[in-house]
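Novice: Input file: upload.txt. Contents: compact mmCIF, C-alpha atoms and all ligand atoms.
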```txt
# COMPACT_ATOMS: atom_id res chain seq x y z
CA MET A 40 0.00 0.00 0.00
CA PRO A 41 1.45 3.42 -0.79
CA THR A 42 1.80 5.74 2.17
CA HIS A 43 -1.29 7.74 3.10
CA PRO A 44 -1.02 11.50 2.35
CA ASN A 45 -2.14 12.29 5.92
CA PHE A 46 0.04 9.63 7.50
CA PRO A 47 3.28 9.17 5.54
CA PHE A 48 4.88 7.01 8.24
CA PRO A 49 5.23 3.38 7.12
CA LEU A 50 7.23 2.09 10.10
CA TYR A 51 5.76 2.96 13.51
CA LEU A 52 7.65 2.14 16.70
CA VAL A 53 5.62 1.80 19.91
CA ILE A 54 8.05 1.91 22.83
CA SER A 55 8.09 1.61 26.60
CA GLU A 56 10.98 1.16 28.99
CA ARG A 57 9.59 -2.18 30.06
CA ASP A 58 9.36 -3.55 26.52
CA CYS A 59 13.07 -2.81 26.01
CA LEU A 60 13.98 -5.28 28.80
CA ASP A 61 17.65 -4.78 29.70
CA LYS A 62 18.43 -2.20 26.99
CA PRO A 63 18.27 1.56 27.71
CA TRP A 64 14.97 2.56 26.12
CA LEU A 65 16.14 5.94 24.80
CA TRP A 66 19.10 4.26 23.11
CA VAL A 67 16.67 1.77 21.52
CA ALA A 68 14.57 4.68 20.25
CA GLU A 69 17.62 6.35 18.73
CA GLN A 70 18.82 3.16 17.08
CA ALA A 71 15.34 2.61 15.66
CA ILE A 72 15.30 6.13 14.20
CA LEU A 73 18.73 5.54 12.63
CA GLY A 74 17.36 2.30 11.16
CA GLY A 75 14.45 4.12 9.51
CA VAL A 76 11.51 4.24 11.94
CA ASP A 77 9.18 7.02 10.74
CA ILE A 78 7.11 7.77 13.85
CA ILE A 79 7.29 6.81 17.54
CA GLN A 80 4.63 6.31 20.19
CA LEU A 81 5.55 6.39 23.89
CA ARG A 82 3.33 3.86 25.67
CA GLU A 83 4.16 3.80 29.38
CA LYS A 84 1.51 1.78 31.15
CA GLU A 85 3.36 1.45 34.43
CA SER A 86 5.09 4.78 34.96
CA PRO A 87 3.48 7.23 37.38
CA TYR A 88 2.40 10.47 35.70
CA ALA A 89 5.52 12.51 36.58
CA GLU A 90 7.81 9.78 35.30
CA PHE A 91 5.80 9.42 32.07
CA LEU A 92 6.06 13.20 31.60
CA ALA A 93 9.84 13.17 32.13
CA LYS A 94 10.24 10.32 29.64
CA ALA A 95 8.03 12.14 27.16
CA HIS A 96 10.21 15.27 27.39
CA ALA A 97 13.37 13.21 26.83
CA LEU A 98 11.93 11.36 23.84
CA LYS A 99 10.51 14.57 22.36
CA GLN A 100 14.01 16.06 22.36
CA LEU A 101 15.41 13.04 20.52
CA CYS A 102 12.51 12.98 18.05
CA ASP A 103 12.91 16.70 17.35
CA GLN A 104 16.62 16.24 16.62
CA HIS A 105 15.71 13.70 13.96
CA ARG A 106 12.44 15.30 12.81
CA VAL A 107 10.44 12.24 13.79
CA PRO A 108 6.86 12.81 15.02
CA LEU A 109 6.03 11.67 18.56
CA VAL A 110 2.70 10.24 19.71
CA ILE A 111 1.75 9.83 23.36
CA ASN A 112 -0.37 6.87 24.45
CA ASP A 113 -3.46 7.60 26.59
CA GLN A 114 -2.34 10.82 28.33
CA VAL A 115 -3.73 13.80 26.46
CA ALA A 116 -2.37 16.27 29.03
CA ILE A 117 1.18 15.00 28.51
CA ALA A 118 0.80 15.11 24.74
CA LEU A 119 -0.32 18.75 24.98
CA GLU A 120 2.33 19.74 27.49
CA ILE A 121 5.26 18.49 25.43
CA GLY A 122 3.81 19.59 22.09
CA ALA A 123 3.54 16.05 20.71
CA TRP A 124 2.43 15.41 17.14
CA GLY A 125 -0.40 13.23 18.37
CA VAL A 126 -2.10 11.13 21.00
CA HIS A 127 -3.32 7.55 20.75
CA VAL A 128 -6.39 6.50 22.70
CA GLY A 129 -7.97 3.10 23.10
CA GLN A 130 -11.59 2.11 23.59
CA SER A 131 -11.37 2.55 27.36
CA ASP A 132 -9.49 5.88 27.32
CA MET A 133 -10.70 9.44 26.75
CA SER A 134 -12.95 9.45 23.68
CA PRO A 135 -11.74 11.02 20.43
CA SER A 136 -14.50 13.66 20.62
CA ALA A 137 -13.37 14.63 24.14
CA VAL A 138 -9.74 14.80 22.98
CA ARG A 139 -10.78 17.04 20.09
CA LYS A 140 -12.66 19.29 22.49
CA ILE A 141 -9.58 19.76 24.67
CA ALA A 142 -6.89 19.75 22.01
CA GLY A 143 -8.58 21.27 18.98
CA ASP A 144 -6.23 20.83 16.03
CA LYS A 145 -3.10 20.69 18.19
CA LEU A 146 -3.03 16.89 18.25
CA ASN A 147 -3.54 14.20 15.65
CA ILE A 148 -5.82 11.59 17.15
CA GLY A 149 -5.19 7.87 16.81
CA TRP A 150 -7.89 5.43 17.95
CA SER A 151 -7.71 1.67 18.43
CA LEU A 152 -10.33 -0.14 16.38
CA GLU A 153 -11.25 -3.42 18.04
CA ASP A 154 -14.39 -4.43 16.19
CA ASP A 155 -16.45 -3.63 13.10
CA ALA A 156 -19.24 -1.89 15.01
CA GLN A 157 -16.83 0.88 16.01
CA LEU A 158 -16.73 1.97 12.36
CA GLN A 159 -20.33 3.16 12.79
CA SER A 160 -19.64 4.94 16.08
CA ALA A 161 -20.15 8.70 16.30
CA GLU A 162 -16.57 8.84 17.61
CA PHE A 163 -15.22 7.65 14.28
CA GLY A 164 -15.55 11.07 12.70
CA TYR A 165 -13.19 12.66 15.23
CA VAL A 166 -10.34 10.28 14.49
CA ASP A 167 -7.34 10.99 12.25
CA GLN A 168 -5.88 7.47 12.07
CA LEU A 169 -6.89 4.01 13.19
CA GLY A 170 -4.89 1.36 15.00
CA VAL A 171 -6.15 -2.00 13.72
CA SER A 172 -5.79 -3.82 17.02
CA PRO A 173 -4.61 -6.52 17.02
CA ILE A 174 -3.89 -8.06 13.64
CA PHE A 175 -2.61 -11.14 15.49
CA ALA A 176 -2.86 -11.87 19.22
CA THR A 177 0.28 -10.81 21.06
CA ALA A 178 1.76 -11.19 24.52
CA THR A 179 2.50 -7.43 24.52
CA LYS A 180 -1.21 -6.60 24.87
CA THR A 181 -3.56 -9.26 26.13
CA ASP A 182 -6.79 -7.38 26.90
CA THR A 183 -7.89 -7.34 23.27
CA ILE A 184 -11.20 -8.66 21.92
CA THR A 185 -10.32 -10.59 18.79
CA GLU A 186 -7.81 -10.77 15.96
CA TRP A 187 -8.51 -8.93 12.70
CA GLY A 188 -6.14 -11.14 10.74
CA ILE A 189 -4.88 -10.21 7.30
CA ALA A 190 -8.31 -10.88 5.74
CA GLY A 191 -9.98 -8.61 8.30
CA LEU A 192 -7.49 -5.86 7.54
CA ARG A 193 -8.18 -6.19 3.81
CA ASP A 194 -11.89 -5.97 4.52
CA LEU A 195 -11.45 -2.84 6.65
CA ARG A 196 -9.42 -1.24 3.89
CA ARG A 197 -12.50 -1.42 1.66
CA GLN A 198 -14.60 0.33 4.31
CA THR A 199 -12.53 3.41 5.13
CA ASP A 200 -10.06 5.85 3.58
CA LYS A 201 -8.59 6.81 6.96
CA PRO A 202 -4.97 5.82 7.59
CA LEU A 203 -4.79 2.26 8.94
CA ILE A 204 -2.02 1.20 11.32
CA ALA A 205 -1.55 -2.55 11.66
CA ILE A 206 -0.50 -3.62 15.18
CA GLY A 207 -0.16 -6.91 17.02
CA GLN A 208 2.63 -9.38 16.31
CA MET A 209 4.07 -7.39 13.44
CA ASN A 210 7.52 -8.78 12.66
CA PHE A 211 9.67 -9.97 9.75
CA GLN A 212 7.13 -12.64 8.83
CA THR A 213 4.01 -10.47 9.06
CA ALA A 214 4.83 -6.79 8.39
CA GLY A 215 5.01 -7.11 4.60
CA ARG A 216 1.75 -9.08 4.53
CA ALA A 217 -0.09 -6.37 6.49
CA TRP A 218 1.37 -3.68 4.25
CA HIS A 219 0.25 -5.40 1.07
CA ALA A 220 -3.20 -6.05 2.54
CA GLY A 221 -3.80 -2.30 2.85
CA ALA A 222 -2.09 -1.00 5.99
CA ASN A 223 -0.61 2.49 5.62
CA SER A 224 1.68 1.89 8.57
CA VAL A 225 2.94 -1.08 10.55
CA ALA A 226 3.40 -0.69 14.32
CA VAL A 227 6.00 -2.76 16.10
CA VAL A 228 6.94 -3.24 19.74
CA SER A 229 8.96 -6.40 20.41
CA ALA A 230 10.42 -6.94 16.93
CA ILE A 231 12.41 -3.73 17.48
CA CYS A 232 12.55 -3.22 21.26
CA GLN A 233 13.71 -6.76 21.90
CA ALA A 234 15.93 -7.16 18.84
CA VAL A 235 19.61 -7.80 19.46
CA ASP A 236 20.29 -4.91 17.06
CA PRO A 237 17.30 -2.52 16.99
CA GLN A 238 18.81 -0.44 14.19
CA GLU A 239 19.26 -3.43 11.91
CA ALA A 240 15.80 -4.78 12.81
CA SER A 241 14.23 -1.43 11.89
CA LYS A 242 16.14 -1.33 8.64
CA GLN A 243 14.98 -4.80 7.66
CA LEU A 244 11.36 -4.12 8.61
CA LYS A 245 11.38 -0.88 6.65
CA GLU A 246 12.59 -2.70 3.56
CA GLN A 247 9.40 -4.77 3.62
CA LEU A 248 7.21 -1.68 3.51
CA GLN A 249 7.44 -0.54 -0.07
N1 LIG B 1 -2.19 -2.60 20.56
C1 LIG B 1 -2.67 -3.68 19.96
S1 LIG B 1 -1.54 -4.95 19.92
C2 LIG B 1 -0.38 -3.98 20.73
C3 LIG B 1 -0.92 -2.75 21.01
C4 LIG B 1 -0.22 -1.66 21.71
C5 LIG B 1 0.96 -4.46 21.08
C6 LIG B 1 1.78 -4.89 19.87
O1 LIG B 1 2.99 -5.39 20.31
P1 LIG B 1 3.92 -6.42 19.45
O2 LIG B 1 4.98 -6.83 20.44
O3 LIG B 1 4.51 -5.63 18.32
O4 LIG B 1 3.07 -7.55 19.00
MG MG B 2 -4.93 3.25 25.89
```
Could you render the structure from this file as structure tokens?
Ligand code: TZP
Ligand code: MG

Specialist:
Amino acid sequence: MPTHPNFPFPLYLVISERDCLDKPWLWVAEQAILGGVDIIQLREKESPYAEFLAKAHALKQLCDQHRVPLVINDQVAIALEIGAWGVHVGQSDMSPSAVRKIAGDKLNIGWSLEDDAQLQSAEFGYVDQLGVSPIFATATKTDTITEWGIAGLRDLRRQTDKPLIAIGQMNFQTAGRAWHAGANSVAVVSAICQAVDPQEASKQLKEQLQ
């Protein structure tokens, strides 16, 4: 799938300190950028607010140096405070309409799509890009409803022109398949954060997305 004009970011890294295991997470982020990651989301589920904010400031500085957009998971206030490119909310977070009310046009809004019915939701209109969550079940996020699969992704592609981000067990075996099925972006956690060489892993994943 060619890149979407409103979301020209084929390789999307979703990072947390925890997912990087024993590697320094900011170093992993930098290596990933050098390997070709196009956009980064900071997804800190365990950090208290102040720690999340401090990490967001540090990552924003790195992203700015490399002109890579930064998305903040869940915390709209943090996204606004650091001047992030966007925020990503799930089905149990602040609604896209509420985010829009607070943030106006300051933030791009990503929303996790977990079933077909959500396409008809009034919230859908407030969303800038969709996380197709998950394509395949993954140990990184276990509270999901079902798997879209590659066929489900292809089906979704026919139903919306919004940018689609494939997430959930995206790796060397699956990223190219999701891309060719209609994803505009492929989001990766473990295949980069837990790679022996995150730069090389990013480079190889990026090569699949063209
Ligand atoms: N949302 C749906 S699946 C997922 C998120 C944040 C985690 C994807 O992680 P991995 O390790 O790339 O499968
Ligand atoms: Mg969330």

Novice: To check your reading of the model: which residues sit at most 8 Å from ligand MG 2 (chain B) when counting all atoms listed in the file? Write the answer as an MDAnalysis selection string.

Specialist: chainID A and resid 112:113 127:132

Novice: Need to verify the contact set: region 98-111 of chain A, 12 Å, all atoms listed in the file, exclusion of same-chain residues closer than 2 positions in sequence. Can you return it as a PyMOL selection string?

Specialist: chain A and resi 46-48+50-56+64-84+91-96+113-129+146-150+168

Novice: Work out how far CA of Ser160 (chain A) is from CA of Ala176 (chain A), in Å to one decimal.

Specialist: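 It comes out at 24.0 Å.
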
Novice: I'd like to know which of A:Val171, A:Val228, A:Cys59, A:Met209 is closest to Leu248 (chain A), using all atoms listed in the file.

Specialist: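 Under the stated criterion, the closest residue is A:Met209.
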
Novice: Select, from A:Pro87, A:Gly143, A:Pro135, A:Gly207, the residue with the minimum atom-to-atom distance to Thr179 (chain A), counting all atoms listed in the file.

Specialist: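 Checking each of A:Pro87, A:Gly143, A:Pro135, A:Gly207 against Thr179 (chain A), counting all atoms listed in the file, the winner is A:Gly207.
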
Novice: Calculated over only C-alpha atoms, which of the candidates A:Ala161, A:Leu60, A:Ala230, A:Met133 has the smallest distance to Lys242 (chain A)?

Specialist: A:Ala230

Novice: So how far away is CA of Val227 (chain A) from CA of Gln243 (chain A), in Å?

Specialist: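 It comes out at 12.5 Å.
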
Novice: Counting all atoms listed in the file, which residue out of A:Ser229, A:Leu169, A:Phe175, A:Ile189 sits closest to Leu203 (chain A)?

Specialist: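 Going through A:Ser229, A:Leu169, A:Phe175, A:Ile189 one by one, the smallest distance to Leu203 (chain A) is for A:Leu169.
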
Novice: What does the structure give for the distance between CA of Arg139 (chain A) and CA of Pro41 (chain A), in Å to one decimal?

Specialist: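 About the pair CA of Arg139 (chain A) and CA of Pro41 (chain A): they are 27.8 Å apart.
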
Novice: Considering all atoms listed in the file, can you say which of A:Leu152, A:Ala190, A:Ala222, A:Leu195 comes closest to ligand LIG 1 (chain B)?

Specialist: A:Leu152

Novice: Which one of A:Asp236, A:Asp200, A:Asp194, A:Asp58 sits closest to ligand LIG 1 (chain B) if you count only C-alpha atoms and all ligand atoms?

Specialist: A:Asp58

Novice: Which residues, written as a list in words, have at least one atom at most 8 Å from Val225 (chain A), with all atoms listed in the file counted and residues fewer than 6 positions away on the same chain left out?

Specialist: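 Contacts, with the query itself left out: Pro49, Leu50, Tyr51, Ile204, Ala205, Ile206, Met209, Ala214, Ala217 and Trp218 of chain A.
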
Novice: Mind listing whatever residues come within 8 Å of the point (-6.0, -5.7, 22.1)? Use only C-alpha atoms, file coordinates, and give them as a VMD selection string.

Specialist: chain A and resid 153 172 to 173 176 180 to 185 207

Novice: For region 160-192 of chain A, supply N, CA and C atoms and report the output as an mmCIF file, in the coordinates of the input.

Specialist:
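File written: selection_21.cif
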```
data_model
loop_
_atom_site.group_PDB
_atom_site.id
_atom_site.type_symbol
_atom_site.label_atom_id
_atom_site.label_comp_id
_atom_site.auth_asym_id
_atom_site.auth_seq_id
_atom_site.Cartn_x
_atom_site.Cartn_y
_atom_site.Cartn_z
ATOM 1 N N SER A 160 -19.527 4.107 14.892
ATOM 2 C CA SER A 160 -19.640 4.940 16.080
ATOM 3 C C SER A 160 -19.540 6.426 15.738
ATOM 4 N N ALA A 161 -20.228 7.249 16.507
ATOM 5 C CA ALA A 161 -20.150 8.700 16.300
ATOM 6 C C ALA A 161 -18.725 9.197 16.532
ATOM 7 N N GLU A 162 -17.958 8.456 17.315
ATOM 8 C CA GLU A 162 -16.570 8.840 17.610
ATOM 9 C C GLU A 162 -15.680 8.784 16.370
ATOM 10 N N PHE A 163 -16.053 7.934 15.455
ATOM 11 C CA PHE A 163 -15.220 7.650 14.280
ATOM 12 C C PHE A 163 -14.832 8.925 13.525
ATOM 13 N N GLY A 164 -15.764 9.838 13.448
ATOM 14 C CA GLY A 164 -15.550 11.070 12.700
ATOM 15 C C GLY A 164 -14.483 11.986 13.302
ATOM 16 N N TYR A 165 -14.170 11.797 14.560
ATOM 17 C CA TYR A 165 -13.190 12.660 15.230
ATOM 18 C C TYR A 165 -11.749 12.137 15.109
ATOM 19 N N VAL A 166 -11.611 10.999 14.470
ATOM 20 C CA VAL A 166 -10.340 10.280 14.490
ATOM 21 C C VAL A 166 -9.527 10.569 13.231
ATOM 22 N N ASP A 167 -8.208 10.743 13.406
ATOM 23 C CA ASP A 167 -7.340 10.990 12.250
ATOM 24 C C ASP A 167 -6.730 9.710 11.692
ATOM 25 N N GLN A 168 -6.407 8.750 12.558
ATOM 26 C CA GLN A 168 -5.880 7.470 12.070
ATOM 27 C C GLN A 168 -6.310 6.353 13.004
ATOM 28 N N LEU A 169 -6.350 5.154 12.440
ATOM 29 C CA LEU A 169 -6.890 4.010 13.190
ATOM 30 C C LEU A 169 -5.819 2.966 13.449
ATOM 31 N N GLY A 170 -5.734 2.500 14.684
ATOM 32 C CA GLY A 170 -4.890 1.360 15.000
ATOM 33 C C GLY A 170 -5.745 0.106 14.849
ATOM 34 N N VAL A 171 -5.373 -0.777 13.943
ATOM 35 C CA VAL A 171 -6.150 -2.000 13.720
ATOM 36 C C VAL A 171 -5.605 -3.041 14.698
ATOM 37 N N SER A 172 -6.349 -3.230 15.801
ATOM 38 C CA SER A 172 -5.790 -3.820 17.020
ATOM 39 C C SER A 172 -6.554 -5.037 17.526
ATOM 40 N N PRO A 173 -5.899 -6.190 17.607
ATOM 41 C CA PRO A 173 -4.610 -6.520 17.020
ATOM 42 C C PRO A 173 -4.814 -7.276 15.710
ATOM 43 N N ILE A 174 -3.826 -7.215 14.840
ATOM 44 C CA ILE A 174 -3.890 -8.060 13.640
ATOM 45 C C ILE A 174 -3.771 -9.521 14.089
ATOM 46 N N PHE A 175 -2.755 -9.817 14.898
ATOM 47 C CA PHE A 175 -2.610 -11.140 15.490
ATOM 48 C C PHE A 175 -2.439 -10.981 17.004
ATOM 49 N N ALA A 176 -2.978 -11.923 17.760
ATOM 50 C CA ALA A 176 -2.860 -11.870 19.220
ATOM 51 C C ALA A 176 -1.385 -11.781 19.602
ATOM 52 N N THR A 177 -1.110 -11.033 20.657
ATOM 53 C CA THR A 177 0.280 -10.810 21.060
ATOM 54 C C THR A 177 0.383 -10.776 22.580
ATOM 55 N N ALA A 178 1.534 -11.219 23.068
ATOM 56 C CA ALA A 178 1.760 -11.190 24.520
ATOM 57 C C ALA A 178 1.952 -9.765 25.011
ATOM 58 N N THR A 179 2.254 -8.820 24.102
ATOM 59 C CA THR A 179 2.500 -7.430 24.520
ATOM 60 C C THR A 179 1.215 -6.758 25.010
ATOM 61 N N LYS A 180 0.074 -7.157 24.427
ATOM 62 C CA LYS A 180 -1.210 -6.600 24.870
ATOM 63 C C LYS A 180 -2.228 -7.727 24.855
ATOM 64 N N THR A 181 -2.737 -8.053 26.036
ATOM 65 C CA THR A 181 -3.560 -9.260 26.130
ATOM 66 C C THR A 181 -5.039 -8.959 26.372
ATOM 67 N N ASP A 182 -5.388 -7.692 26.604
ATOM 68 C CA ASP A 182 -6.790 -7.380 26.900
ATOM 69 C C ASP A 182 -7.576 -7.028 25.635
ATOM 70 N N THR A 183 -7.234 -7.665 24.539
ATOM 71 C CA THR A 183 -7.890 -7.340 23.270
ATOM 72 C C THR A 183 -9.081 -8.279 23.039
ATOM 73 N N ILE A 184 -9.965 -7.904 22.108
ATOM 74 C CA ILE A 184 -11.200 -8.660 21.920
ATOM 75 C C ILE A 184 -11.002 -9.828 20.967
ATOM 76 N N THR A 185 -10.448 -9.550 19.806
ATOM 77 C CA THR A 185 -10.320 -10.590 18.790
ATOM 78 C C THR A 185 -9.139 -10.262 17.897
ATOM 79 N N GLU A 186 -8.881 -11.082 16.909
ATOM 80 C CA GLU A 186 -7.810 -10.770 15.960
ATOM 81 C C GLU A 186 -8.459 -10.372 14.632
ATOM 82 N N TRP A 187 -7.995 -9.310 14.020
ATOM 83 C CA TRP A 187 -8.510 -8.930 12.700
ATOM 84 C C TRP A 187 -8.000 -9.894 11.639
ATOM 85 N N GLY A 188 -6.765 -10.315 11.777
ATOM 86 C CA GLY A 188 -6.140 -11.140 10.740
ATOM 87 C C GLY A 188 -5.890 -10.313 9.489
ATOM 88 N N ILE A 189 -5.198 -10.924 8.544
ATOM 89 C CA ILE A 189 -4.880 -10.210 7.300
ATOM 90 C C ILE A 189 -6.165 -10.000 6.486
ATOM 91 N N ALA A 190 -7.052 -10.997 6.499
ATOM 92 C CA ALA A 190 -8.310 -10.880 5.740
ATOM 93 C C ALA A 190 -9.177 -9.765 6.325
ATOM 94 N N GLY A 191 -9.203 -9.661 7.648
ATOM 95 C CA GLY A 191 -9.980 -8.610 8.300
ATOM 96 C C GLY A 191 -9.448 -7.228 7.969
ATOM 97 N N LEU A 192 -8.130 -7.132 7.896
ATOM 98 C CA LEU A 192 -7.490 -5.860 7.540
ATOM 99 C C LEU A 192 -7.870 -5.464 6.105
#
```
